[in-house]
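Chemist: Here's a structure for you.
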Amino acid sequence: MTKDMTKGSPMKLILGFSIPLFFGFLFQQFYNLVDTIIVGRFLGTENLAAVGATGSVNFLIIGFCMGVCSGFAIPVSHKFGAGDHAGMRRVVANCVWLSIGFALFMTLLTTIACRYILIAMRTPGNIIDASYSYIWVIFLGIPVTFLYNMTSGIIRAMGDSRTPVIFLLMSSFINIGLDLFFIINLQWDVQGAAWATVISQGISGLCCLLFIMKKFEILKIQKEEWAPNKHLMGTLCSMGVPMGLQYSITAIGSVILQSATNTLGSDAVAAVTAAGRINSFLACPFDAFGSTMATYGGQNVGAGKLERIGAGLKSCVRLGAGYSVIALLVAIFLGRPLATLFLDVSEAVIIDNVRFFLICATAFYFPLALVNIVRFLIQGMGFPTFAILAGVFEMAARTMAGFALVPLFGFTGVCFGSPAAWIFADIFLIPAYFHVKKVLNHRLMGKA
């Protein structure tokens, strides 16, 4: 049930590992996409804007939770790569304790503060109540976010990228069915879409947990291994918290950019919402490449095989460059038809804005590919602090767009906020990778 990424062709390993991940991210975005389509079609443009107005704060909080779980999985991959199964079980046990604590704290904090955050973001008055109804339920579901991301991260750390996808596919169809039932039959408005997301993710998380308990003999934790260990918890937090903060710091720039977008009115917010969902769908391969390189880097560092890391990076960058061209062509020729999935054909101006946003984004997909590939590789190699610094660069670019580009250029300024962020992050990440590789080479020579 596991895959050793320290042996064999890097290109074949990366492709074999990333393809199931790609379908996993695709299905995850698929049911996010369906949420948005159902809201836009059945509840109207204002409710579509209400969901979209929560996107950046959703990323701020849920992104932190996902980043923490991804960081927790890195020591698991190191122990697996080194063949230390007893140590790996102790790491997993301490992951559980920390995840419970983080989940409870984050749920309490965010459910209390979410309305104040929406007010601070200058959410338009005609959509703020619906935005609050949606995001409050999402925040209430933070424990299931931790459950799914922690369990799926552990499974991937041991080389199995396929199983979490199977459970995610199942939950995607459950999400769609619940969307239709809650919104159409029970008339729960946007809150129905939020409950559908939380329930379906909870089901996929439980499935991952049961799979680990049943299938992974090397993860059958003994009673004494459940004991909380301050040293291990410190190691896990040193990996998880920086990765969580990287997401959150990046999201702060998104919140500022979203606040600037909100000042343009609900039509602009609706356009960004629809375009953002399509953009997330198109960017799924980059998410898959990033998660793949985190595991690839983690296992090879754990095994002391640093020479394989550069070869893996080159292979993944080539894959990212090829897909970037395909995505741009999709945006150019299919941008309008994709927009009509969310919007009525009579909304011609909003549809044109969606297509323009997509072209601007996909034209800069190669820098985005580098951000995901290099950042996650560095994290997998055991240097999560660099992810925070890359996030600072992204935040600076989006903040600049929010305060300068949007007031000057309106919707066009919004469209170039994220491409600027990706370029700024690459300016930092590319030299950081060579520095990290040099540090690890010195450590390896020192041990020899």
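Naming works like this for the structure tokens: A, B, ... for the chains as they're shown, residue 1 at the start of each chain, ligands 1 onward in shown order.
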Write out as a compact mmCIF listing (two decimals) with all heavy atoms, in the first residue's frame each polymer residue whose atoms come within 6 Å of segment 144-156 of chain A, counting only C-alpha atoms; drop sequence neighbours fewer than 4 positions from it.
Modeler:
# COMPACT_ATOMS: atom_id res chain seq x y z
N CYS A 69 -1.52 20.63 8.52
CA CYS A 69 -1.59 19.17 8.28
C CYS A 69 -0.52 18.72 7.29
O CYS A 69 0.09 17.65 7.46
CB CYS A 69 -2.98 18.78 7.77
SG CYS A 69 -4.29 18.99 8.98
N ALA A 73 2.78 16.07 7.99
CA ALA A 73 3.07 14.87 7.20
C ALA A 73 4.54 14.77 6.80
O ALA A 73 5.01 13.67 6.45
CB ALA A 73 2.19 14.86 5.95
N ASP A 160 1.24 6.51 -0.98
CA ASP A 160 -0.04 6.11 -1.57
C ASP A 160 -0.85 7.37 -1.89
O ASP A 160 -1.48 7.95 -1.01
CB ASP A 160 -0.81 5.22 -0.59
CG ASP A 160 -2.16 4.74 -1.15
OD1 ASP A 160 -2.49 5.11 -2.29
OD2 ASP A 160 -2.87 4.01 -0.44
N SER A 161 -0.82 7.78 -3.15
CA SER A 161 -1.57 8.98 -3.55
C SER A 161 -2.93 8.64 -4.14
O SER A 161 -3.74 9.53 -4.42
CB SER A 161 -0.77 9.78 -4.58
OG SER A 161 -0.53 9.00 -5.75
N PRO A 164 -6.63 8.34 -1.16
CA PRO A 164 -7.41 9.53 -0.80
C PRO A 164 -8.28 10.04 -1.95
O PRO A 164 -9.35 10.61 -1.72
CB PRO A 164 -6.33 10.56 -0.44
CG PRO A 164 -5.16 9.75 -0.01
CD PRO A 164 -5.19 8.55 -0.90
N GLY A 202 -16.29 15.47 5.77
CA GLY A 202 -16.25 14.62 6.95
C GLY A 202 -16.30 13.15 6.59
O GLY A 202 -15.59 12.32 7.19
N GLY A 205 -12.93 12.11 5.22
CA GLY A 205 -11.96 12.02 6.31
C GLY A 205 -12.12 10.75 7.12
O GLY A 205 -11.13 10.07 7.46
N CYS A 208 -10.72 7.81 5.14
CA CYS A 208 -9.26 7.76 5.21
C CYS A 208 -8.79 7.18 6.54
O CYS A 208 -7.86 6.37 6.60
CB CYS A 208 -8.67 9.15 5.02
SG CYS A 208 -8.72 9.80 3.33
N LEU A 209 -9.45 7.61 7.62
CA LEU A 209 -9.08 7.12 8.95
C LEU A 209 -9.29 5.61 9.06
O LEU A 209 -8.41 4.87 9.55
CB LEU A 209 -9.90 7.85 10.01
CG LEU A 209 -9.67 7.42 11.47
CD1 LEU A 209 -8.23 7.66 11.89
CD2 LEU A 209 -10.64 8.16 12.39
Chemist: Skipping near chain neighbours, those fewer than 6 positions away, what residues fall within 6 Å of segment 289-297 of chain A using only C-alpha atoms, listed as a PyMOL selection string?
Modeler: chain A and resi 5+18+157+372-373+376-377+380-381
Chemist: Would you write out, as a Markdown table, a table of all residues in segment 311-361 of chain A that have an atom no more than 12 Å from an atom of segment 418-441 of chain A, listing for each the closest atom pair and the distance in Å to one decimal, considering only C-alpha atoms and ordering rows by chain and rising residue number?
Modeler:
| residue | atom | partner | partner_atom | distance |
| --- | --- | --- | --- | --- |
| A:Leu313 | CA | A:Tyr433 | CA | 10.3 |
| A:Phe357 | CA | A:Ser418 | CA | 10.3 |
| A:Leu358 | CA | A:Pro419 | CA | 11.0 |
| A:Ile359 | CA | A:Pro419 | CA | 11.0 |
| A:Cys360 | CA | A:Pro419 | CA | 7.7 |
| A:Ala361 | CA | A:Pro419 | CA | 6.2 |
Chemist: Pick the closest to Thr412 of chain A from A:Leu219, A:Val272, A:Leu338, A:Leu26: which is it, counting only C-alpha atoms?
Modeler: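 Residue with the minimum atom-to-atom distance to Thr412 of chain A: A:Val272.
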Chemist: Calculated over only C-alpha atoms, which of the candidates A:Val374, A:Leu343, A:Cys65, A:Ile309 has the smallest distance to Ser9 of chain A?
Modeler: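 Among the listed residues, A:Ile309 lies closest to Ser9 of chain A.
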Chemist: When you look at Tyr323 of chain A with a cut-off of 12 Å (counting only C-alpha atoms), what residues show up, excluding the ones that are within fewer than 3 positions of it in the same chain? I need them as a PyMOL selection string.
Modeler: chain A and resi 282-286+289+316-320+326-330+362-366+368-369
Chemist: Limited to C-alpha atoms, could you put the picked residues into a file as a JSON list (two decimals), in the first residue's frame?
Modeler:
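selection36.json, freshly written:
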[["chain", "number", "residue", "atom", "x", "y", "z"],
["A", 282, "LEU", "CA", -7.46, 24.74, -14.25],
["A", 283, "ALA", "CA", -4.66, 25.01, -11.66],
["A", 284, "CYS", "CA", -5.25, 21.52, -10.22],
["A", 285, "PRO", "CA", -2.16, 20.01, -11.94],
["A", 286, "PHE", "CA", 0.06, 22.52, -10.14],
["A", 289, "PHE", "CA", 2.84, 18.63, -8.68],
["A", 316, "CYS", "CA", 8.37, 18.32, -12.77],
["A", 317, "VAL", "CA", 9.18, 21.77, -14.18],
["A", 318, "ARG", "CA", 8.98, 20.36, -17.73],
["A", 319, "LEU", "CA", 5.54, 18.94, -16.97],
["A", 320, "GLY", "CA", 4.42, 22.29, -15.54],
["A", 326, "ILE", "CA", -2.63, 24.07, -22.67],
["A", 327, "ALA", "CA", -4.35, 26.07, -19.92],
["A", 328, "LEU", "CA", -3.83, 29.38, -21.75],
["A", 329, "LEU", "CA", -5.44, 27.96, -24.90],
["A", 330, "VAL", "CA", -8.42, 26.76, -22.83],
["A", 362, "THR", "CA", -3.26, 31.47, -17.36],
["A", 363, "ALA", "CA", -0.79, 33.67, -19.24],
["A", 364, "PHE", "CA", 1.29, 33.55, -16.04],
["A", 365, "TYR", "CA", 0.77, 29.88, -15.20],
["A", 366, "PHE", "CA", 4.43, 28.96, -15.61],
["A", 368, "LEU", "CA", 2.56, 29.59, -10.73],
["A", 369, "ALA", "CA", 3.94, 26.15, -11.63]]
Chemist: So which bits of segment 110-189 of chain A end up alpha helix (DSSP H) when you DSSP the backbone, as a PyMOL selection string?
Modeler: chain A and resi 110-120+128-140+142-157+163-180
Chemist: Find the nearest atom pair between each residue of segment 230-270 of chain A and segment 86-103 of chain A for residues within 9 Å, count only C-alpha atoms, give distances in Å to one decimal, sort rows by chain and ascending number, and present the table as JSON lines.
Modeler:
{"residue": "A:Lys230", "atom": "CA", "partner": "A:Asn94", "partner_atom": "CA", "distance": 9.0}
{"residue": "A:Leu232", "atom": "CA", "partner": "A:Val91", "partner_atom": "CA", "distance": 6.5}
{"residue": "A:Met233", "atom": "CA", "partner": "A:Asn94", "partner_atom": "CA", "distance": 6.2}
{"residue": "A:Leu236", "atom": "CA", "partner": "A:Cys95", "partner_atom": "CA", "distance": 7.3}
{"residue": "A:Cys237", "atom": "CA", "partner": "A:Leu98", "partner_atom": "CA", "distance": 8.4}
